[in-house]
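This report refers to the structure that appears directly beneath it.
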Amino acid sequence: MMDPLERCDPDDDTSVGLMAAALERGHRVECCTAADVSLVDGRVVARVRPVAASGPAVTAGPRGARPVGLDGVDAVLVRTDPPVDAGYLALTLLLEFARGTTLLVNDPRGLREANEKLYACRFPDLMPPTVVTADGPTLVAFADGHGGAVVKPLDGHGGRGVVRLAAGDPGGPGLVEAATAGGTRPVMAQQFLPGVGDGDRRILLLDGAPLGVLNRRPAPGEFRANIGLGATVEVVELDARDRRIVDVLAPALRADGLWFVGIDVIDGRLSEVNVTSPTGLRQLTRLSGGRPDLAVVDWIAARAGGGVG
Ligand SMILES: Nc1ncnc2c1ncn2[C@@H]1O[C@H](COP(=O)(O)OP(=O)(O)O)[C@@H](O)[C@H]1O
Ligand SMILES: [Mg+2]
């Protein structure tokens, strides 16, 4: 379950990479969007498109006329991009009716519970100083008191809407007014970590265990280290600070059924926990020389109890 395949980058999209890896292993793969999912007489069904390998990427045929039951597939990968809006919420609630009949990656209850920005706040010791509020003066005071801050929407992704607020910036009140829609929408302010210039580390986790680490360095003139914003990517080793964060997070992620997750670590601090559609798997596969993509597929196959088919 994902956004329309035609909108995905055939080389870099993680959903495409997972489908290609599953096909490589001989599994049958189908894709659909959230809008293709229905609940009919208590049974979750979807109108799916058959997916076939096409070089390193994949192609999908036309949507089948008859929906297939989710109870008839071994696993469902839920990878719709944010925003986590009313449509996304409805999808996770529909998927509840498939619970127990197929493996759901990630678990819909976990997806509802785990706001990507707020999940990290369960572990304040691992995070930079952080405040979440819609109150403009509180945000400005936070930036002033912490030598500058980053202000981000709670439902964003890809660096969208993430802005830097310098201490004492005369434009601060106007900036937070825009970010909070006039004081009506809470946002997160985090101490600005200057170490972001050395990179934002994306650690991909499978069942709480690290698959690898990608360090993303922001493009010149940019502090946002998102790949879609031109960040450069390199594979790095898991270091002691990464390890500590992973060890603390792993039991919580497992308990929430958040099997495939990407956490972001800046300057040794946890900044966010991506659960809806974590990216970076293809770059990790390409640059590491390993096959973390096949590791994900094989874990899903083993967990689902299904073999090839
Ligand atoms: N506390 C921070 N200090 C410095 N830079 C930050 C901080 N938080 C985020 N950033 C920068 O902004 C980018 C996007 O922020 P992030 O929280 O990862 O949101 P998104 O979901 O949009 O990726 C990060 O990759 C990083 O470069
Ligand atoms: Mg991020």
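Labeling convention for the structure tokens: chains A, B, ... as they appear, residues from 1 per chain, ligands from 1 in order of appearance.
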Per residue of chain A within 7 Å of ligand 1, record the nearest atom pair and its distance in Å to one decimal, counting only C-alpha atoms and all ligand atoms, with rows in chain order and ascending residue number, as a Markdown table.
```
| residue | atom | partner | partner_atom_place_in_ligand_line | distance |
| --- | --- | --- | --- | --- |
| A:Lys117 | CA | ligand 1 | 17 (O) | 6.8 |
| A:Pro128 | CA | ligand 1 | 1 (N) | 6.4 |
| A:Ala149 | CA | ligand 1 | 1 (N) | 6.8 |
| A:Val150 | CA | ligand 1 | 2 (C) | 5.5 |
| A:Lys152 | CA | ligand 1 | 17 (O) | 6.8 |
| A:Gly156 | CA | ligand 1 | 22 (O) | 5.3 |
| A:His157 | CA | ligand 1 | 21 (O) | 3.5 |
| A:Gly158 | CA | ligand 1 | 22 (O) | 4.1 |
| A:Gly159 | CA | ligand 1 | 22 (O) | 3.1 |
| A:Arg160 | CA | ligand 1 | 22 (O) | 5.3 |
| A:Val162 | CA | ligand 1 | 12 (O) | 5.9 |
| A:Gln190 | CA | ligand 1 | 1 (N) | 4.7 |
| A:Gln191 | CA | ligand 1 | 1 (N) | 5.1 |
| A:Phe192 | CA | ligand 1 | 3 (N) | 3.7 |
| A:Leu193 | CA | ligand 1 | 3 (N) | 3.7 |
| A:Pro194 | CA | ligand 1 | 4 (C) | 6.0 |
| A:Val196 | CA | ligand 1 | 4 (C) | 5.2 |
| A:Asp200 | CA | ligand 1 | 25 (O) | 5.5 |
| A:Pro218 | CA | ligand 1 | 27 (O) | 6.4 |
| A:Phe223 | CA | ligand 1 | 27 (O) | 5.1 |
| A:Arg224 | CA | ligand 1 | 27 (O) | 3.3 |
| A:Ala225 | CA | ligand 1 | 27 (O) | 3.7 |
| A:Asn226 | CA | ligand 1 | 25 (O) | 5.0 |
| A:Asp264 | CA | ligand 1 | 18 (O) | 6.2 |
| A:Ile266 | CA | ligand 1 | 2 (C) | 6.9 |
| A:Ser271 | CA | ligand 1 | 17 (O) | 5.6 |
| A:Glu272 | CA | ligand 1 | 17 (O) | 5.4 |
```
Would you save the residues of that selection, restricted to C-alpha atoms, as an mmCIF file, in the first residue's frame?
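Output file part.cif follows:
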```cif
data_model
loop_
_atom_site.group_PDB
_atom_site.id
_atom_site.type_symbol
_atom_site.label_atom_id
_atom_site.label_comp_id
_atom_site.auth_asym_id
_atom_site.auth_seq_id
_atom_site.Cartn_x
_atom_site.Cartn_y
_atom_site.Cartn_z
ATOM 1 C CA LYS A 117 8.031 13.798 15.617
ATOM 2 C CA PRO A 128 17.898 17.525 22.081
ATOM 3 C CA ALA A 149 16.124 26.431 17.370
ATOM 4 C CA VAL A 150 14.650 24.435 14.540
ATOM 5 C CA LYS A 152 9.031 21.885 12.490
ATOM 6 C CA GLY A 156 5.674 16.997 7.875
ATOM 7 C CA HIS A 157 8.260 14.964 6.050
ATOM 8 C CA GLY A 158 11.091 15.479 3.602
ATOM 9 C CA GLY A 159 12.185 18.633 5.406
ATOM 10 C CA ARG A 160 9.059 20.525 4.348
ATOM 11 C CA VAL A 162 11.345 22.880 8.766
ATOM 12 C CA GLN A 190 14.228 21.767 19.004
ATOM 13 C CA GLN A 191 17.557 23.201 19.994
ATOM 14 C CA PHE A 192 19.521 23.820 16.802
ATOM 15 C CA LEU A 193 22.310 21.241 16.693
ATOM 16 C CA PRO A 194 25.270 22.750 14.812
ATOM 17 C CA VAL A 196 23.940 18.851 11.539
ATOM 18 C CA ASP A 200 21.869 13.664 9.851
ATOM 19 C CA PRO A 218 22.973 18.983 3.747
ATOM 20 C CA PHE A 223 20.755 22.855 6.995
ATOM 21 C CA ARG A 224 18.037 20.337 6.115
ATOM 22 C CA ALA A 225 19.711 17.043 5.350
ATOM 23 C CA ASN A 226 16.840 15.468 3.422
ATOM 24 C CA ASP A 264 17.247 10.215 12.498
ATOM 25 C CA ILE A 266 21.948 14.445 14.630
ATOM 26 C CA SER A 271 15.504 13.899 16.277
ATOM 27 C CA GLU A 272 12.688 11.830 14.796
#
```
Spatial neighbours of Gly262 in chain A, max dist 9 Å, only C-alpha atoms, sep filter under 5 positions, as a PyMOL selection string: chain A and resi 202-206+272-275+277-280
Hey, can you spit out that residue selection with C-alpha atoms as an mmCIF file, in the first residue's frame?
```
data_model
loop_
_atom_site.group_PDB
_atom_site.id
_atom_site.type_symbol
_atom_site.label_atom_id
_atom_site.label_comp_id
_atom_site.auth_asym_id
_atom_site.auth_seq_id
_atom_site.Cartn_x
_atom_site.Cartn_y
_atom_site.Cartn_z
ATOM 1 C CA ARG A 202 19.425 7.728 9.092
ATOM 2 C CA ILE A 203 19.505 4.385 10.870
ATOM 3 C CA LEU A 204 17.169 1.846 9.294
ATOM 4 C CA LEU A 205 15.821 -0.637 11.817
ATOM 5 C CA LEU A 206 14.229 -4.009 11.176
ATOM 6 C CA GLU A 272 12.688 11.830 14.796
ATOM 7 C CA VAL A 273 11.338 8.314 14.299
ATOM 8 C CA ASN A 274 10.010 7.648 10.794
ATOM 9 C CA VAL A 275 7.394 4.925 10.757
ATOM 10 C CA SER A 277 7.322 5.269 4.843
ATOM 11 C CA PRO A 278 10.962 5.332 5.915
ATOM 12 C CA THR A 279 13.371 5.868 3.036
ATOM 13 C CA GLY A 280 17.033 5.210 2.366
#
```
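Note that the spacing between CA of Ser54 in chain A and CA of Ala20 in chain A amounts to 8.4 Å.
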Shell around range 136-144 of chain A at 12 Å using only C-alpha atoms, local window under 6 positions removed, as a VMD selection string: chain A and resid 129 to 130 150 to 152 163 to 193
Between CA of Ala75 in chain A and CA of Leu91 in chain A - distance in Å to one decimal: 15.8 Å
Those in range 188-306 of chain A with helix (DSSP H, G or I) from DSSP, as a count of residues only: 45
Length of the CA of Leu23 in chain A to CA of Pro67 in chain A vector [Å]: 21.4 Å
Nearest-residue call for Asn106 in chain A, choices A:Ala231, A:Ala53, A:Val78, A:Ala35, using only C-alpha atoms: A:Val78
Range 284-290 of chain A environment, 7 Å, only C-alpha atoms, sequence neighbours closer than 3 positions dropped, as number ranges by chain: A: 212, 214, 235, 280-281, 293
Can you check which parts of range 67-140 of chain A lie within 9 Å of range 240-252 of chain A? Per residue, the shortest pair of atoms and distance in Å to one decimal, counting only C-alpha atoms, sorted by chain and number, as JSON lines.
```
{"residue": "A:Ala120", "atom": "CA", "partner": "A:Leu249", "partner_atom": "CA", "distance": 8.9}
{"residue": "A:Phe123", "atom": "CA", "partner": "A:Leu249", "partner_atom": "CA", "distance": 8.2}
{"residue": "A:Leu126", "atom": "CA", "partner": "A:Ile245", "partner_atom": "CA", "distance": 6.6}
```
Selection to disk with N, CA and C atoms, as a JSON list (two decimals), in the first residue's frame:
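Full text of out_21.json as output:
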```json
[["chain", "number", "residue", "atom", "x", "y", "z"],
["A", 120, "ALA", "N", 9.66, 10.36, 19.47],
["A", 120, "ALA", "CA", 10.98, 10.55, 20.09],
["A", 120, "ALA", "C", 10.88, 11.19, 21.46],
["A", 123, "PHE", "N", 11.46, 9.57, 24.83],
["A", 123, "PHE", "CA", 12.83, 9.32, 25.29],
["A", 123, "PHE", "C", 13.58, 10.64, 25.41],
["A", 126, "LEU", "N", 17.32, 11.02, 25.15],
["A", 126, "LEU", "CA", 18.01, 10.78, 23.89],
["A", 126, "LEU", "C", 17.89, 11.96, 22.94]]
```
